[in-house]
$ cat entry21.cif   # mmCIF, C-alpha atoms
data_input
loop_
_atom_site.label_atom_id
_atom_site.label_comp_id
_atom_site.auth_asym_id
_atom_site.auth_seq_id
_atom_site.Cartn_x
_atom_site.Cartn_y
_atom_site.Cartn_z
CA MET I 1 13.97 15.26 -13.75
CA GLU I 2 10.94 13.01 -14.21
CA ARG I 3 9.05 11.53 -17.11
CA LEU I 4 6.50 13.86 -18.64
CA ASN I 5 3.56 11.49 -18.20
CA LYS I 6 4.43 11.07 -14.51
CA PHE I 7 4.60 14.83 -14.02
CA LEU I 8 1.22 15.31 -15.71
CA ALA I 9 -0.37 12.52 -13.69
CA HIS I 10 0.92 13.96 -10.41
CA ALA I 11 -0.43 17.35 -11.46
CA GLY I 12 -3.91 15.87 -11.65
CA VAL I 13 -4.28 15.82 -15.45
CA GLY I 14 -5.22 12.11 -15.44
CA SER I 15 -3.74 8.64 -15.31
CA ARG I 16 -0.31 8.05 -16.86
CA ARG I 17 -1.94 6.13 -19.70
CA PHE I 18 -4.31 9.03 -20.41
CA CYS I 19 -1.38 11.46 -20.27
CA ASP I 20 0.45 9.29 -22.82
CA THR I 21 -2.49 9.75 -25.22
CA LEU I 22 -2.29 13.53 -24.76
CA ILE I 23 1.43 13.52 -25.53
CA VAL I 24 1.10 11.33 -28.62
CA ALA I 25 -1.75 13.53 -29.84
CA GLY I 26 0.54 16.58 -29.68
CA ARG I 27 -1.53 18.35 -27.05
CA VAL I 28 1.40 18.87 -24.64
CA LYS I 29 4.03 21.62 -24.87
CA ILE I 30 7.26 22.19 -22.95
CA ASN I 31 8.47 25.80 -22.94
CA GLY I 32 6.08 26.46 -25.83
CA VAL I 33 7.36 23.60 -27.99
CA ARG I 34 5.01 20.74 -28.86
CA VAL I 35 6.32 17.30 -27.81
CA THR I 36 5.23 13.80 -28.77
CA ASP I 37 8.08 11.70 -27.35
CA LEU I 38 6.77 9.52 -24.53
CA GLY I 39 10.25 9.16 -23.05
CA ILE I 40 10.92 12.87 -22.59
CA LYS I 41 11.70 14.15 -19.10
CA VAL I 42 11.00 17.48 -17.46
CA ASP I 43 12.33 19.49 -14.55
CA PRO I 44 9.28 21.02 -12.82
CA ALA I 45 11.43 23.84 -11.45
CA ALA I 46 12.89 24.81 -14.84
CA HIS I 47 10.31 23.85 -17.50
CA GLN I 48 6.91 25.30 -18.30
CA VAL I 49 4.46 22.55 -19.23
CA ALA I 50 1.09 23.14 -20.86
CA VAL I 51 -1.79 20.93 -22.04
CA ASP I 52 -3.95 22.46 -24.78
CA ASP I 53 -2.03 25.70 -24.08
CA GLN I 54 -3.19 25.69 -20.45
CA PRO I 55 -0.28 25.81 -17.94
CA VAL I 56 0.14 22.76 -15.72
CA LYS I 57 1.68 23.22 -12.29
CA ALA I 58 3.30 20.49 -10.23
CA GLU I 59 0.87 19.20 -7.63
CA ARG I 60 1.90 19.38 -4.00
CA LEU I 61 2.40 15.92 -2.54
CA VAL I 62 -0.05 15.14 0.26
CA TYR I 63 -0.35 12.24 2.69
CA TRP I 64 -3.50 11.27 4.57
CA ALA I 65 -4.46 8.49 6.99
CA VAL I 66 -8.07 7.34 6.70
CA ASN I 67 -10.12 5.01 8.91
CA LYS I 68 -12.19 3.20 6.28
CA PRO I 69 -15.57 1.90 7.46
CA VAL I 70 -17.09 -1.37 6.26
CA GLY I 71 -19.01 -0.83 3.03
CA HIS I 72 -16.61 1.67 1.42
CA LEU I 73 -14.65 0.73 -1.71
CA CYS I 74 -10.97 1.42 -2.36
CA THR I 75 -11.48 2.70 -5.88
CA ASN I 76 -11.71 6.17 -7.37
CA ASP I 77 -14.35 5.10 -9.89
CA ASP I 78 -17.39 2.96 -9.14
CA PRO I 79 -20.09 2.91 -11.85
CA ASP I 80 -22.67 1.68 -9.31
CA GLY I 81 -22.24 4.77 -7.15
CA ARG I 82 -21.36 2.88 -3.96
CA PRO I 83 -19.52 4.69 -1.10
CA ARG I 84 -15.79 5.08 -1.73
CA ALA I 85 -12.90 5.73 0.61
CA ILE I 86 -12.07 8.77 -1.50
CA ASP I 87 -15.46 10.23 -0.49
CA LEU I 88 -14.08 10.59 3.04
CA LEU I 89 -11.67 13.28 1.75
CA PRO I 90 -13.99 15.82 0.07
CA HIS I 91 -11.80 18.68 1.31
CA VAL I 92 -8.64 17.43 -0.46
CA ASP I 93 -8.00 19.18 -3.78
CA GLN I 94 -5.27 16.82 -4.99
CA ARG I 95 -6.03 13.66 -6.97
CA VAL I 96 -5.18 11.05 -4.34
CA TYR I 97 -5.54 7.28 -4.39
CA THR I 98 -5.34 4.51 -1.82
CA VAL I 99 -2.16 2.78 -0.74
CA GLY I 100 -2.96 -0.70 0.47
CA ARG I 101 -6.50 -1.62 -0.42
CA LEU I 102 -9.04 -3.15 1.92
CA ASP I 103 -12.01 -5.11 0.62
CA GLU I 104 -15.54 -3.80 1.07
CA ALA I 105 -16.19 -5.92 4.18
CA SER I 106 -12.96 -4.82 5.93
CA GLU I 107 -12.19 -1.65 7.84
CA GLY I 108 -9.27 0.29 9.22
CA LEU I 109 -6.19 2.15 8.10
CA LEU I 110 -5.70 3.36 4.56
CA LEU I 111 -2.97 5.68 3.38
CA MET I 112 -4.09 8.07 0.64
CA THR I 113 -1.60 10.09 -1.38
CA ASN I 114 -0.63 11.39 -4.80
CA ASP I 115 2.99 10.24 -4.27
CA GLY I 116 3.21 7.31 -6.68
CA ASP I 117 6.84 6.46 -5.89
CA LEU I 118 6.14 6.07 -2.19
CA ALA I 119 2.99 4.05 -2.93
CA VAL I 120 4.96 1.54 -5.00
CA SER I 121 7.59 1.17 -2.28
CA LEU I 122 4.96 0.58 0.39
CA MET I 123 2.94 -1.99 -1.52
CA HIS I 124 5.47 -4.02 -3.51
CA PRO I 125 6.12 -7.38 -1.79
CA ARG I 126 9.87 -7.18 -2.34
CA TYR I 127 10.15 -4.30 0.15
CA GLY I 128 8.38 -6.32 2.86
CA ILE I 129 6.61 -3.38 4.49
CA PRO I 130 4.55 -4.93 7.34
CA LYS I 131 0.81 -4.34 7.64
CA MET I 132 -0.81 -5.23 10.95
CA TYR I 133 -4.40 -6.47 11.28
CA PHE I 134 -6.75 -7.38 14.12
CA VAL I 135 -8.89 -10.29 12.93
CA LEU I 136 -11.92 -11.89 14.59
CA VAL I 137 -12.27 -15.49 13.39
CA ALA I 138 -14.89 -18.14 14.04
CA GLY I 139 -13.71 -20.91 16.31
CA LYS I 140 -10.54 -21.25 18.32
CA PRO I 141 -7.42 -21.59 16.14
CA GLY I 142 -4.80 -23.72 17.86
CA PRO I 143 -1.00 -23.63 17.73
CA ASP I 144 -1.00 -25.84 14.63
CA ASP I 145 -3.24 -23.37 12.79
CA LEU I 146 -0.98 -20.45 13.69
CA GLN I 147 2.08 -22.37 12.56
CA LYS I 148 0.42 -23.16 9.23
CA LEU I 149 -0.17 -19.43 8.69
CA LEU I 150 3.54 -18.82 9.34
CA ASP I 151 4.73 -21.73 7.19
CA GLY I 152 2.44 -20.80 4.31
CA VAL I 153 -0.96 -21.67 2.88
CA TRP I 154 -1.47 -22.57 -0.77
CA LEU I 155 -3.87 -20.25 -2.63
CA SER I 156 -4.64 -20.06 -6.34
CA GLU I 157 -1.69 -17.72 -7.02
CA GLY I 158 0.78 -19.69 -4.95
CA LYS I 159 1.95 -20.08 -1.38
CA VAL I 160 1.36 -17.15 0.96
CA LYS I 161 2.29 -16.76 4.60
CA ALA I 162 2.04 -14.38 7.51
CA ARG I 163 5.09 -12.71 8.98
CA SER I 164 3.72 -13.09 12.51
CA VAL I 165 0.52 -14.28 14.19
CA LYS I 166 -0.57 -13.93 17.81
CA ARG I 167 -3.74 -15.04 19.59
CA LEU I 168 -5.11 -12.02 21.50
CA LYS I 169 -8.33 -13.08 23.27
CA ALA I 170 -11.49 -15.13 22.97
CA GLN I 171 -14.87 -13.54 22.25
CA GLY I 172 -17.59 -16.11 22.79
CA ASN I 173 -17.00 -18.89 20.27
CA SER I 174 -14.67 -16.67 18.24
CA THR I 175 -11.06 -15.54 18.63
CA TRP I 176 -9.22 -12.28 18.01
CA LEU I 177 -5.86 -12.64 16.26
CA ARG I 178 -3.14 -10.14 15.46
CA VAL I 179 -1.76 -10.88 12.02
CA VAL I 180 1.15 -9.15 10.26
CA LEU I 181 1.56 -9.50 6.49
CA THR I 182 4.22 -8.26 4.09
CA GLU I 183 2.68 -9.40 0.80
CA GLY I 184 -0.83 -7.97 0.48
CA LYS I 185 -2.57 -10.19 -2.06
CA ASN I 186 -6.31 -9.82 -2.66
CA ARG I 187 -8.33 -10.87 0.44
CA GLU I 188 -5.25 -12.75 1.61
CA ILE I 189 -6.10 -13.12 5.30
CA ARG I 190 -9.69 -14.18 4.65
CA ARG I 191 -8.61 -16.82 2.14
CA MET I 192 -5.76 -18.17 4.27
CA LEU I 193 -7.98 -18.62 7.31
CA ALA I 194 -10.82 -20.08 5.24
CA LYS I 195 -8.39 -22.77 4.07
CA LEU I 196 -7.85 -23.64 7.72
CA GLY I 197 -11.58 -23.75 8.44
CA HIS I 198 -11.85 -20.43 10.29
CA LYS I 199 -14.17 -17.84 8.77
CA VAL I 200 -13.17 -14.20 9.25
CA MET I 201 -15.95 -12.31 11.05
CA LYS I 202 -14.23 -8.93 11.31
CA LEU I 203 -10.98 -7.57 9.88
CA ARG I 204 -9.41 -4.24 10.80
CA ARG I 205 -6.00 -2.95 9.66
CA VAL I 206 -4.31 -0.99 12.43
CA ALA I 207 -0.85 -0.18 11.01
CA ILE I 208 1.14 0.17 7.80
CA GLY I 209 4.82 0.27 8.64
CA PRO I 210 5.25 2.93 11.35
CA ILE I 211 1.88 4.62 10.62
CA LYS I 212 -0.73 3.64 13.22
CA LEU I 213 -4.52 3.91 13.17
CA ASP I 214 -4.56 4.73 16.90
CA LYS I 215 -7.75 6.60 17.92
CA LEU I 216 -8.70 8.01 14.52
CA PRO I 217 -12.54 7.79 14.44
CA LYS I 218 -14.19 5.56 11.87
CA GLY I 219 -14.91 7.42 8.64
CA LYS I 220 -12.49 10.24 9.48
CA ALA I 221 -9.14 11.29 8.03
CA ARG I 222 -6.07 13.11 9.26
CA ARG I 223 -2.90 14.44 7.73
CA ILE I 224 0.14 12.27 8.32
CA SER I 225 2.60 14.35 10.33
CA GLU I 226 6.09 15.31 9.20
CA THR I 227 7.52 13.12 11.96
CA GLU I 228 5.48 10.14 10.77
CA MET I 229 6.53 10.76 7.16
CA ALA I 230 10.18 10.88 8.20
CA ASP I 231 9.73 7.54 10.00
CA LEU I 232 7.93 6.08 6.99
CA ARG I 233 10.63 7.16 4.52
CA LYS I 234 13.29 5.79 6.87
CA PHE I 235 11.37 2.53 7.04
CA VAL I 236 11.26 2.29 3.24
CA ALA I 237 14.94 3.24 2.91
CA THR I 238 15.92 0.53 5.40
CA ALA I 239 13.91 -2.05 3.44
CA LYS I 240 15.62 -1.01 0.21
CA ASP I 241 19.05 -1.19 1.87
CA LYS I 242 18.32 -4.75 3.02
CA ILE I 243 17.37 -5.74 -0.52
CA GLU I 244 20.57 -4.22 -1.90
CA GLN I 245 22.68 -5.95 0.76
CA ALA I 246 21.02 -9.28 -0.04
CA ARG I 247 21.75 -8.78 -3.73
CA THR I 248 25.38 -7.99 -2.96
CA ARG I 249 25.74 -11.10 -0.77
CA ALA I 250 24.13 -13.23 -3.47
CA ALA I 251 26.47 -11.82 -6.12
CA ASN I 252 29.52 -12.48 -3.93
CA ARG I 253 28.45 -15.94 -2.75
CA LYS I 254 30.74 -18.70 -3.84
CA PRO I 255 29.50 -22.06 -5.14
CA GLY I 256 28.74 -24.38 -2.24
CA ASP I 257 28.09 -21.55 0.26
CA LEU I 258 24.89 -21.99 2.28
CA PRO I 259 22.64 -19.11 3.39
CA LYS I 260 22.58 -18.35 7.10
CA PRO I 261 19.56 -19.79 8.93
CA ASN I 262 16.88 -17.47 10.29
CA ASN I 263 16.12 -18.43 13.89
CA GLU I 264 13.62 -15.69 14.54
CA ASP I 265 10.51 -16.86 16.47
CA ARG I 266 7.68 -15.22 14.60
CA ARG I 267 4.70 -16.39 16.60
CA GLY I 268 4.97 -13.93 19.48
#
$ encode --input "entry21.cif" --output "structure tokens"
Amino acid sequence: MERLNKFLAHAGVGSRRFCDTLIVAGRVKINGVRVTDLGIKVDPAAHQVAVDDQPVKAERLVYWAVNKPVGHLCTNDDPDGRPRAIDLLPHVDQRVYTVGRLDEASEGLLLMTNDGDLAVSLMHPRYGIPKMYFVLVAGKPGPDDLQKLLDGVWLSEGKVKARSVKRLKAQGNSTWLRVVLTEGKNREIRRMLAKLGHKVMKLRRVAIGPIKLDKLPKGKARRISETEMADLRKFVATAKDKIEQARTRAANRKPGDLPKPNNEDRRG
């Protein structure tokens, strides 16, 4: 069972907010009966849903990996008509959206799907799903700079930090870094490094959890395989289990107990 607005949105009728307006307006029927309750739930296998008396079928969930080029936007609606990542999937009938946005000047791996539940799990900071980036920065960041990225840098919305950072190689007067994040705030890497005096010249995301960019050509897309999806769901399930275990430990902790230290070396 799932909420009616969620079912309609997944079927491609529109956003959940738009679907709410259809329900309130009395334009939606379940098994021929008009409904206006926003909290009602449906079973796609047992109920017949219609909008304006036109049957609505559950949309098949699809999962795509896309190599976004610089200059494309991660939005489904741009009034200025600029190139969008969604334009790289003209052959996909489903109403998909991006999981893990990249700014216009960045490139690399995007996941595109109509599976809203999975998208939330992948992008919410509490699940800590790692995203890996290769970053070319001006100058030569030293060990102190890398440690500051790990310890945290203060931005307007608070303190943000990388999960791991590794210097890869020099390129002239610039340096390639491998950075792993688990938070995903707007332009986070660019802003963190700018605070340390190192401008980002290039930024490419190469992995989201177990899904890798690998040799996917720039501007192209591929279906995520069943094996990859199984690994991704396992990854998400493990993250959720860790959260639940932490909650249980916190609930059972006695006054005066101290949390166990984390001795993991994150610099690599």
$ residues_around --input "entry21.cif" --residues "range 149-162 of chain I" --least-positions-apart "6" --cutoff "12 Å" --atoms "all atoms listed in the file" --output "PyMOL selection string"
chain I and resi 125+128+130-133+141-143+177-196+198+264-268
$ atom_distance --input "entry21.cif" --atom1 "CA of Asp144 in chain I" --atom2 "CA of Gln171 in chain I"
20.0 Å
$ atom_distance --input "entry21.cif" --atom1 "CA of Glu226 in chain I" --atom2 "CA of Met1 in chain I"
24.3 Å
$ resolve_selection --input "entry21.cif" --expression "the PyMOL selection byres ((chain I and resi 99) around 9)" --output "list in words"
Tyr97, Thr98, Gly100, Arg101, Leu110, Leu111, Met112, Thr113, Ala119, Val120, Leu122 and Met123 of chain I
$ resolve_selection --input "entry21.cif" --expression "the PyMOL selection byres ((chain I and resi 24) around 8)" --output "CSV table (one decimal) with C-alpha atoms, in the frame of the given file"
chain,number,residue,atom,x,y,z
I,20,ASP,CA,0.4,9.3,-22.8
I,21,THR,CA,-2.5,9.8,-25.2
I,22,LEU,CA,-2.3,13.5,-24.8
I,23,ILE,CA,1.4,13.5,-25.5
I,25,ALA,CA,-1.8,13.5,-29.8
I,26,GLY,CA,0.5,16.6,-29.7
I,27,ARG,CA,-1.5,18.4,-27.0
I,35,VAL,CA,6.3,17.3,-27.8
I,36,THR,CA,5.2,13.8,-28.8
I,37,ASP,CA,8.1,11.7,-27.4
I,38,LEU,CA,6.8,9.5,-24.5
$ closest_residue --input "entry21.cif" --among "I:Ala237, I:Leu61, I:Ala250, I:Ala46" --to "Asp115 in chain I" --atoms "all atoms listed in the file"
I:Leu61
$ residues_around --input "entry21.cif" --residues "Leu136 in chain I" --least-positions-apart "5" --cutoff "7 Å" --atoms "only C-alpha atoms" --output "list in words"
Ser174, Thr175, Trp176, Leu177, Val200, Met201, Lys202 and Leu203 of chain I
$ resolve_selection --input "entry21.cif" --expression "the PyMOL selection byres ((chain I and resi 51) around 7)" --output "ChimeraX atom specification"
/I:27-29,50,52-56
$ atom_distance --input "entry21.cif" --atom1 "CA of Thr227 in chain I" --atom2 "CA of Asn114 in chain I"
18.7 Å
$ residues_around --input "entry21.cif" --residues "Gly172 in chain I" --least-positions-apart "5" --cutoff "12 Å" --atoms "all atoms listed in the file" --output "list in words"
Leu136, Val137, Ala138, Gly139 and Lys140 of chain I
$ axis_aligned_box --input "entry21.cif" --around "range 49-63 of chain I" --padding-each-side "6 Å" --output "lines of an AutoDock Vina configuration file"
center_x = 0.3
center_y = 19.0
center_z = -11.0
size_x = 20.4
size_y = 25.6
size_z = 39.5
